[in-house]
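Reproduced below: entry19.txt, with compact mmCIF, C-alpha atoms.
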# COMPACT_ATOMS: atom_id res chain seq x y z
CA MET A 1 -17.07 30.73 -4.38
CA ARG A 2 -14.69 28.45 -6.31
CA ARG A 3 -16.19 25.04 -6.99
CA ARG A 4 -14.08 22.10 -6.01
CA SER A 5 -13.10 19.34 -8.40
CA LEU A 6 -15.54 16.46 -8.53
CA LEU A 7 -12.61 14.08 -8.21
CA ILE A 8 -11.61 14.99 -4.69
CA ALA A 9 -12.87 12.99 -1.75
CA VAL A 10 -14.66 14.53 1.17
CA PRO A 11 -11.86 14.82 3.76
CA ALA A 12 -12.30 12.31 6.56
CA GLY A 13 -10.27 14.55 8.85
CA MET A 14 -8.51 17.74 7.87
CA ILE A 15 -4.82 17.53 8.63
CA THR A 16 -3.59 20.60 10.40
CA LEU A 17 -0.53 21.20 12.51
CA ALA A 18 -2.76 20.68 15.50
CA GLY A 19 -2.33 17.04 14.59
CA CYS A 20 1.47 17.01 14.52
CA GLY A 21 2.79 13.63 15.47
CA ASP A 22 -0.19 11.71 14.05
CA ASP A 23 0.83 8.91 11.71
CA ASP A 24 -2.51 8.03 10.22
CA GLY A 25 -1.64 9.53 6.84
CA ALA A 26 -5.10 11.06 6.42
CA ASP A 27 -3.91 14.06 4.43
CA SER A 28 -6.33 16.51 2.88
CA ALA A 29 -6.13 17.81 -0.65
CA GLU A 30 -7.67 21.20 0.09
CA ALA A 31 -10.07 23.06 2.31
CA THR A 32 -13.72 22.25 1.81
CA ASP A 33 -15.48 24.91 -0.29
CA SER A 34 -18.54 22.84 -1.12
CA ALA A 35 -19.78 19.29 -1.06
CA SER A 36 -17.94 16.69 -3.10
CA PRO A 37 -18.54 12.99 -3.68
CA SER A 38 -16.62 10.18 -2.11
CA ALA A 39 -13.57 9.38 -4.19
CA SER A 40 -14.97 6.13 -5.46
CA ALA A 41 -17.67 3.59 -4.86
CA SER A 42 -15.35 0.83 -6.05
CA ALA A 43 -12.84 0.30 -3.27
CA SER A 44 -13.78 -3.39 -2.96
CA VAL A 45 -13.96 -4.26 -6.66
CA PRO A 46 -11.09 -5.97 -8.51
CA PRO A 47 -8.71 -4.00 -10.75
CA PRO A 48 -10.04 -3.33 -14.26
CA LYS A 49 -8.83 -4.81 -17.49
CA ILE A 50 -7.12 -2.03 -19.44
CA VAL A 51 -7.93 -1.86 -23.16
CA ASP A 52 -7.06 0.53 -26.00
CA GLY A 53 -10.56 1.76 -26.81
CA PRO A 54 -12.97 2.80 -28.00
CA LEU A 55 -12.42 6.45 -27.11
CA PRO A 56 -13.96 9.64 -28.55
CA ALA A 57 -11.90 11.86 -30.84
CA ILE A 58 -10.24 15.02 -29.56
CA ASN A 59 -11.32 17.61 -32.12
CA GLY A 60 -9.85 20.80 -30.66
CA GLY A 61 -7.20 21.88 -28.20
CA THR A 62 -5.10 18.94 -29.30
CA LYS A 63 -1.79 20.06 -27.81
CA PHE A 64 -0.58 19.32 -24.29
CA GLY A 65 -1.75 22.11 -21.99
CA GLU A 66 -4.59 23.26 -24.24
CA LYS A 67 -8.19 22.80 -23.17
CA PRO A 68 -9.41 19.89 -25.29
CA THR A 69 -12.71 19.62 -27.14
CA VAL A 70 -13.82 15.99 -27.06
CA ALA A 71 -16.45 14.42 -29.31
CA LYS A 72 -19.45 12.54 -27.97
CA GLY A 73 -18.86 8.86 -27.46
CA SER A 74 -19.89 6.69 -30.40
CA GLY A 75 -21.74 3.46 -29.76
CA VAL A 76 -21.44 1.47 -26.56
CA PRO A 77 -18.47 2.33 -24.32
CA SER A 78 -16.14 -0.38 -23.10
CA LYS A 79 -17.03 -2.11 -19.85
CA ASP A 80 -13.29 -2.14 -19.18
CA LEU A 81 -10.98 0.81 -18.60
CA ALA A 82 -10.06 2.20 -22.04
CA VAL A 83 -6.77 4.12 -21.92
CA LYS A 84 -4.76 5.82 -24.66
CA THR A 85 -1.65 7.98 -24.43
CA ILE A 86 -2.34 10.80 -26.89
CA THR A 87 0.96 12.63 -26.39
CA PRO A 88 3.78 10.62 -24.79
CA GLY A 89 5.88 12.49 -22.26
CA ASN A 90 9.51 11.90 -21.36
CA GLY A 91 9.39 12.91 -17.72
CA THR A 92 9.13 10.99 -14.46
CA THR A 93 7.04 7.83 -14.33
CA VAL A 94 3.96 8.15 -12.13
CA ALA A 95 3.52 5.50 -9.41
CA GLU A 96 0.44 4.65 -7.39
CA ASN A 97 0.22 6.78 -4.22
CA ASP A 98 2.22 9.57 -5.85
CA TYR A 99 0.79 13.06 -5.78
CA ILE A 100 0.23 14.41 -9.27
CA GLN A 101 -0.30 17.88 -10.61
CA ALA A 102 -2.39 17.85 -13.78
CA ASN A 103 -4.84 19.71 -15.94
CA TYR A 104 -7.89 17.74 -16.96
CA LEU A 105 -11.33 17.75 -18.55
CA GLY A 106 -14.11 15.30 -17.76
CA GLN A 107 -17.31 14.67 -19.69
CA ILE A 108 -20.08 12.11 -20.01
CA TRP A 109 -19.76 9.54 -22.82
CA ASP A 110 -23.38 9.58 -24.01
CA THR A 111 -23.91 13.36 -24.07
CA ALA A 112 -20.42 14.92 -24.26
CA LYS A 113 -21.53 17.14 -21.36
CA VAL A 114 -18.46 18.53 -19.63
CA PHE A 115 -18.96 18.20 -15.88
CA ASP A 116 -15.59 19.48 -14.71
CA ASN A 117 -12.31 20.88 -16.01
CA SER A 118 -9.28 22.62 -14.56
CA TYR A 119 -8.34 24.61 -17.68
CA ASP A 120 -11.04 27.23 -17.14
CA ARG A 121 -10.03 27.61 -13.49
CA LYS A 122 -6.41 28.07 -14.60
CA THR A 123 -5.45 25.97 -11.60
CA PRO A 124 -4.09 22.46 -12.12
CA LEU A 125 -5.37 19.73 -9.86
CA LEU A 126 -3.04 18.55 -7.09
CA ILE A 127 -4.10 15.19 -5.69
CA GLN A 128 -2.81 11.82 -4.56
CA LEU A 129 -3.36 8.72 -6.71
CA ALA A 130 -4.52 6.74 -3.72
CA THR A 131 -7.62 4.87 -2.64
CA SER A 132 -10.13 7.24 -0.99
CA SER A 133 -8.46 10.26 -2.59
CA ILE A 134 -9.58 9.92 -6.20
CA ILE A 135 -11.78 7.67 -8.31
CA ASP A 136 -10.16 4.34 -9.08
CA GLY A 137 -10.25 4.88 -12.82
CA TRP A 138 -7.67 7.64 -12.44
CA ARG A 139 -5.36 5.49 -10.33
CA TYR A 140 -5.33 2.65 -12.82
CA ALA A 141 -5.22 4.81 -15.96
CA LEU A 142 -2.37 7.10 -14.90
CA THR A 143 -0.08 4.79 -12.94
CA GLY A 144 2.92 4.03 -15.14
CA LYS A 145 2.49 7.09 -17.37
CA LYS A 146 5.20 9.74 -17.63
CA THR A 147 4.91 13.43 -16.86
CA GLY A 148 4.53 15.47 -20.00
CA SER A 149 1.97 12.97 -21.31
CA ARG A 150 -1.59 13.65 -22.41
CA VAL A 151 -3.76 10.65 -21.58
CA GLU A 152 -7.36 10.00 -22.60
CA PHE A 153 -9.41 7.34 -20.86
CA SER A 154 -12.98 6.23 -20.25
CA VAL A 155 -14.19 5.13 -16.82
CA PRO A 156 -17.22 2.85 -16.41
CA PRO A 157 -19.29 3.31 -13.23
CA THR A 158 -17.54 0.37 -11.57
CA TRP A 159 -14.28 2.36 -11.33
CA GLY A 160 -15.97 5.76 -11.17
CA TYR A 161 -18.86 6.83 -8.96
CA GLY A 162 -20.61 3.46 -8.86
CA LYS A 163 -24.32 2.77 -9.17
CA GLU A 164 -25.12 5.84 -7.07
CA GLY A 165 -23.47 8.24 -9.50
CA TYR A 166 -23.00 11.83 -8.40
CA ALA A 167 -26.17 13.85 -8.77
CA GLU A 168 -24.58 17.20 -7.93
CA GLY A 169 -22.24 16.80 -10.90
CA GLY A 170 -25.00 15.53 -13.21
CA ILE A 171 -23.48 12.04 -13.27
CA LYS A 172 -25.88 9.09 -13.24
CA GLY A 173 -25.04 5.64 -11.92
CA THR A 174 -25.01 4.30 -15.48
CA ASP A 175 -22.71 6.97 -16.95
CA THR A 176 -19.32 6.16 -18.42
CA LEU A 177 -16.98 9.13 -17.99
CA VAL A 178 -14.35 10.35 -20.44
CA PHE A 179 -11.26 12.20 -19.24
CA VAL A 180 -8.36 13.95 -20.93
CA VAL A 181 -5.49 14.51 -18.50
CA ASP A 182 -2.27 16.48 -19.03
CA LEU A 183 0.24 15.12 -16.50
CA MET A 184 2.47 17.99 -15.38
CA GLU A 185 4.36 16.81 -12.29
CA THR A 186 4.54 13.86 -9.93
CA PHE A 187 5.76 13.84 -6.34
CA ASN A 188 6.59 11.10 -3.86
CA ALA A 189 8.26 10.60 -0.49
CA LYS A 190 11.69 11.22 -2.02
CA SER A 191 10.78 14.60 -3.53
CA SER A 192 12.79 17.62 -2.38
CA ALA A 193 13.19 21.32 -2.95
CA LYS A 194 14.80 22.46 -6.20
CA GLY A 195 16.57 25.77 -6.40
CA THR A 196 19.54 27.86 -5.34
CA ASN A 197 21.14 27.58 -1.91
CA VAL A 198 20.83 30.77 0.14
CA ALA A 199 23.53 31.85 2.60
CA GLN A 200 22.62 31.15 6.23
CA ASP A 201 24.70 33.81 7.96
CA ASN A 202 22.59 34.62 11.02
CA VAL A 203 24.11 32.71 13.94
CA ASP A 204 21.05 33.42 16.08
CA VAL A 205 18.69 31.25 14.01
CA PRO A 206 18.88 27.53 13.21
CA LYS A 207 20.89 26.25 10.27
CA VAL A 208 19.19 23.77 7.93
CA GLY A 209 20.85 21.20 5.68
CA THR A 210 20.70 21.72 1.92
CA ASN A 211 20.65 18.10 0.75
CA THR A 212 18.04 17.38 -1.93
CA ASP A 213 18.26 13.58 -2.00
CA GLY A 214 14.88 13.01 -0.39
CA LYS A 215 16.39 12.45 3.05
CA ALA A 216 15.53 14.65 6.01
CA PRO A 217 17.77 17.73 6.29
CA SER A 218 19.66 18.42 9.47
CA ILE A 219 18.48 21.25 11.73
CA GLU A 220 21.09 22.81 14.04
CA VAL A 221 19.49 24.95 16.75
CA PRO A 222 21.79 27.58 18.30
CA LYS A 223 22.39 27.69 22.05
CA SER A 224 20.77 31.08 22.39
CA ASP A 225 17.36 32.41 23.32
CA ALA A 226 14.56 31.68 20.88
CA PRO A 227 13.37 34.64 18.80
CA LYS A 228 10.16 36.32 19.94
CA LYS A 229 9.01 36.96 16.37
CA LEU A 230 8.36 34.65 13.42
CA VAL A 231 11.36 33.68 11.31
CA ALA A 232 10.74 32.53 7.71
CA ASN A 233 13.96 32.38 5.68
CA TYR A 234 14.87 30.71 2.42
CA VAL A 235 17.36 27.87 2.75
CA ILE A 236 16.92 26.90 -0.89
CA GLU A 237 15.10 29.41 -3.10
CA GLY A 238 13.00 27.85 -5.83
CA ASP A 239 11.82 29.50 -9.01
CA GLY A 240 8.16 28.45 -8.94
CA GLU A 241 5.01 30.47 -8.38
CA VAL A 242 4.53 32.45 -5.19
CA VAL A 243 2.34 30.84 -2.54
CA ALA A 244 -0.76 32.81 -1.56
CA ALA A 245 -2.53 32.73 1.80
CA GLU A 246 -5.53 30.85 0.35
CA ASN A 247 -3.48 28.14 -1.37
CA THR A 248 -3.19 24.47 -0.61
CA VAL A 249 0.44 23.33 -0.54
CA LEU A 250 2.18 19.97 -0.88
CA VAL A 251 5.20 19.73 1.41
CA GLN A 252 7.97 17.73 2.96
CA TYR A 253 8.76 18.94 6.45
CA LYS A 254 10.61 18.23 9.65
CA GLY A 255 9.90 19.84 13.02
CA VAL A 256 12.13 20.08 16.08
CA LEU A 257 11.86 21.81 19.45
CA TRP A 258 14.01 24.89 19.98
CA ASP A 259 14.81 24.03 23.59
CA SER A 260 16.08 20.50 22.97
CA GLY A 261 16.50 20.11 19.21
CA LYS A 262 14.38 16.99 19.50
CA GLU A 263 12.34 16.01 16.45
CA PHE A 264 8.61 15.85 17.11
CA ASP A 265 7.22 15.37 13.63
CA SER A 266 8.42 14.63 10.10
CA THR A 267 7.04 13.57 6.75
CA TYR A 268 10.40 11.92 6.10
CA GLY A 269 9.90 9.53 8.98
CA ARG A 270 6.43 8.63 7.77
CA LYS A 271 7.64 8.35 4.15
CA ALA A 272 4.51 10.25 3.15
CA LEU A 273 4.07 13.79 1.85
CA THR A 274 1.46 16.09 3.36
CA SER A 275 -0.90 18.55 1.67
CA PHE A 276 -3.00 21.13 3.50
CA SER A 277 -4.67 24.50 3.16
CA LEU A 278 -2.72 27.41 4.61
CA GLN A 279 -6.01 28.59 6.08
CA GLN A 280 -6.17 25.54 8.33
CA VAL A 281 -2.77 25.47 10.01
CA VAL A 282 -1.15 27.37 12.86
CA LYS A 283 -0.51 31.05 12.11
CA GLY A 284 3.25 30.58 12.05
CA TRP A 285 2.94 28.21 9.10
CA SER A 286 0.42 30.26 7.14
CA GLN A 287 2.37 33.49 7.66
CA GLY A 288 5.74 31.85 7.14
CA LEU A 289 4.92 30.13 3.84
CA THR A 290 2.76 32.85 2.29
CA GLY A 291 4.87 34.75 -0.23
CA LYS A 292 7.44 31.99 -0.62
CA LYS A 293 8.11 30.33 -3.99
CA VAL A 294 7.24 26.77 -4.96
CA GLY A 295 10.37 24.62 -5.10
CA SER A 296 11.88 26.29 -2.03
CA ARG A 297 13.10 24.99 1.31
CA VAL A 298 12.15 27.38 4.08
CA LEU A 299 13.30 27.64 7.69
CA VAL A 300 10.28 28.55 9.80
CA VAL A 301 10.72 29.37 13.49
CA VAL A 302 7.33 29.62 15.18
CA PRO A 303 7.08 31.45 18.52
CA PRO A 304 4.41 30.21 20.96
CA ASP A 305 1.90 32.96 20.15
CA LEU A 306 1.88 31.87 16.49
CA GLY A 307 2.00 28.17 17.33
CA TYR A 308 0.24 26.26 20.07
CA GLY A 309 0.82 28.61 23.01
CA ASP A 310 -0.46 26.98 26.18
CA SER A 311 -2.55 24.37 24.28
CA PRO A 312 -0.13 21.94 22.60
CA PRO A 313 -1.45 18.83 20.82
CA ALA A 314 -2.33 16.10 23.30
CA GLY A 315 0.17 13.26 23.39
CA SER A 316 2.83 15.13 21.43
CA GLU A 317 6.38 16.06 22.40
CA ILE A 318 5.38 19.73 22.30
CA LYS A 319 5.06 21.39 25.71
CA LYS A 320 3.31 24.63 26.64
CA ASP A 321 4.87 27.79 25.23
CA SER A 322 7.28 25.86 23.00
CA THR A 323 9.11 27.53 20.14
CA LEU A 324 9.02 25.25 17.11
CA VAL A 325 11.57 24.99 14.32
CA PHE A 326 10.64 23.62 10.90
CA SER A 327 12.35 22.86 7.63
CA VAL A 328 9.65 22.96 4.94
CA ASP A 329 10.07 22.00 1.28
CA ILE A 330 7.26 23.55 -0.79
CA LEU A 331 6.80 21.05 -3.61
CA ALA A 332 3.61 22.35 -5.21
CA LYS A 333 0.58 24.55 -4.64
CA MET A 334 -3.04 24.66 -5.72
Would you put the structure from the file into structure tokens?
Amino acid sequence: MRRRSLLIAVPAGMITLAGCGDDDGADSAEATDSASPSASASASVPPPKIVDGPLPAINGGTKFGEKPTVAKGSGVPSKDLAVKTITPGNGTTVAENDYIQANYLGQIWDTAKVFDNSYDRKTPLLIQLATSSIIDGWRYALTGKKTGSRVEFSVPPTWGYGKEGYAEGGIKGTDTLVFVVDLMETFNAKSSAKGTNVAQDNVDVPKVGTNTDGKAPSIEVPKSDAPKKLVANYVIEGDGEVVAAENTVLVQYKGVLWDSGKEFDSTYGRKALTSFSLQQVVKGWSQGLTGKKVGSRVLVVVPPDLGYGDSPPAGSEIKKDSTLVFSVDILAKM
């Protein structure tokens, strides 16, 4: 069983398409494989002072993307947040509340014990730099940095796991943590698909707009009977990795009803991306997005038997036996 990152919060409520129409923004980073700590014990503490050091030396794996070997901390660590850009990137600037995709290694200052890293898993972390999603030290250290950067920083307990620590990860309440993070990508509410437009020649399925300016695409539903089987067609074909059935995906999406064309849910309207495990959504989504490439925009038409059938979400615009039409931009996967 794959162990989850220690950085990810225990989901307060897993977002699935059964919750379409909810605006609480309580997105989940991935399905729960095992216990994980709360994101931070420091939600009520003031922002840290950011200083240049001290920080341990990186003795091996010194290039961006390589697994680093970090020396044990020397002397007393800073009581502030020590942050240093090891390799400056020239990509997009990361903002608070963005989702980031990054490789990282974390270890304890006093012992150099590595308690977590993504390099060995060969799966970059995908997470939001937001309160209750990740420890505060990450939010403050990485906000303002550019993608393509390698950043090293030390996190005192105040902006880490607090006085309680995290026993499962071997972290005591007095431990200062050292991280090396390779920032790969950042995503926000204006992120869109990136790829090649694909011809939409079938007049019997909806036509989706191909704008990539961060605004919601149009969805034109034909005045014909809804298909009885799942439709999952590229609108824009990206060139990223193929999504697997067990993946967590980060998406922009818009959903309308086949019968009326009326919108019932949209990340664009909320100005907030959504991430979820494909194992925890309606079958039409999991089947429709599995096998598609990251960076793509996909038209997904979900018949009732792969959607909500005769049990639509309470309080939503979706009625019994509704066929649902989605435009989905697959921004990233984990």
Q) Using all atoms listed in the file, what residues lie at most 8 Å away from (-14.8, 12.4, -30.9) (file coordinates), given as a VMD selection string? A) chain A and resid 55 to 59 70 to 74
**Q.** Contacts of segment 134-145 of chain A within 10 Å, all atoms listed in the file, excl. fewer than 2 positions in-chain, as JSON, numbers by chain
**A.** {"A": [6, 7, 8, 9, 37, 38, 39, 40, 41, 42, 43, 45, 47, 48, 49, 50, 80, 81, 82, 83, 84, 85, 88, 89, 90, 91, 92, 93, 94, 95, 96, 97, 98, 100, 127, 128, 129, 130, 131, 132, 147, 148, 149, 150, 151, 152, 153, 154, 155, 156, 157, 158, 159, 160, 161, 162, 177, 179, 181, 183]}
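Counting from atom CA of Thr274 of chain A, the distance to atom CA of Ala216 of chain A is 14.4 Å.
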Q: Find, counting all atoms listed in the file, the residue in A:Ser311, A:Ser286, A:Ser322, A:Ser78 that gets nearest to Asp259 of chain A.
A: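 Result for the nearest residue to Asp259 of chain A: A:Ser322.
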**Q.** Best match for closeness to Ser277 of chain A among A:Leu126, A:Ser296, A:Lys194, A:Lys254, counting all atoms listed in the file
**A.**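 Closest to Ser277 of chain A of all the choices is A:Leu126.
Of the residues listed (A:Val301, A:Leu125, A:Val249, A:Ala189), A:Val301 shows the shortest atom-to-atom separation from Lys228 of chain A; distances use all atoms listed in the file.
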Q.
Please determine, counting only C-alpha atoms, which residue among A:Asn233, A:Asp201, A:Tyr99, A:Asp116 has the shortest atom-to-atom distance to Ser133 of chain A.
A.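 Checking each candidate against Ser133 of chain A, we get A:Tyr99 as the closest.
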Q. Of the residues A:Thr210, A:Thr87, A:Thr248, A:Ser327, which is the one nearest to Val298 of chain A, using all atoms listed in the file?
A.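 Using all atoms listed in the file, the shortest distance to Val298 of chain A belongs to A:Ser327.
Nearest to Lys262 of chain A of all the residues A:Val178, A:Val221, A:Val198, A:Ile108 is A:Val221, based on all atoms listed in the file.
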Q) Hey, can you check how far atom CA of Thr186 of chain A sits from atom CA of Gln101 of chain A? A)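 Pair atom CA of Thr186 of chain A / atom CA of Gln101 of chain A returns 6.3 Å.
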Q. Could you work out how far atom CA of Pro304 of chain A lies from atom CA of Lys319 of chain A, giving the answer in Å with one decimal?
A. 10.0 Å
Q | Within 9 Å of Lys122 of chain A using only C-alpha atoms, minus same-chain residues under 3 positions, as a ChimeraX atom specification | A | /A:103,118-119
Q | Selection near Gln252 of chain A, 8 Å with all atoms listed in the file, sequence-local residues under 6 positions removed, as a PyMOL selection string | A | chain A and resi 189+191-192+266-268+273-274+328-331
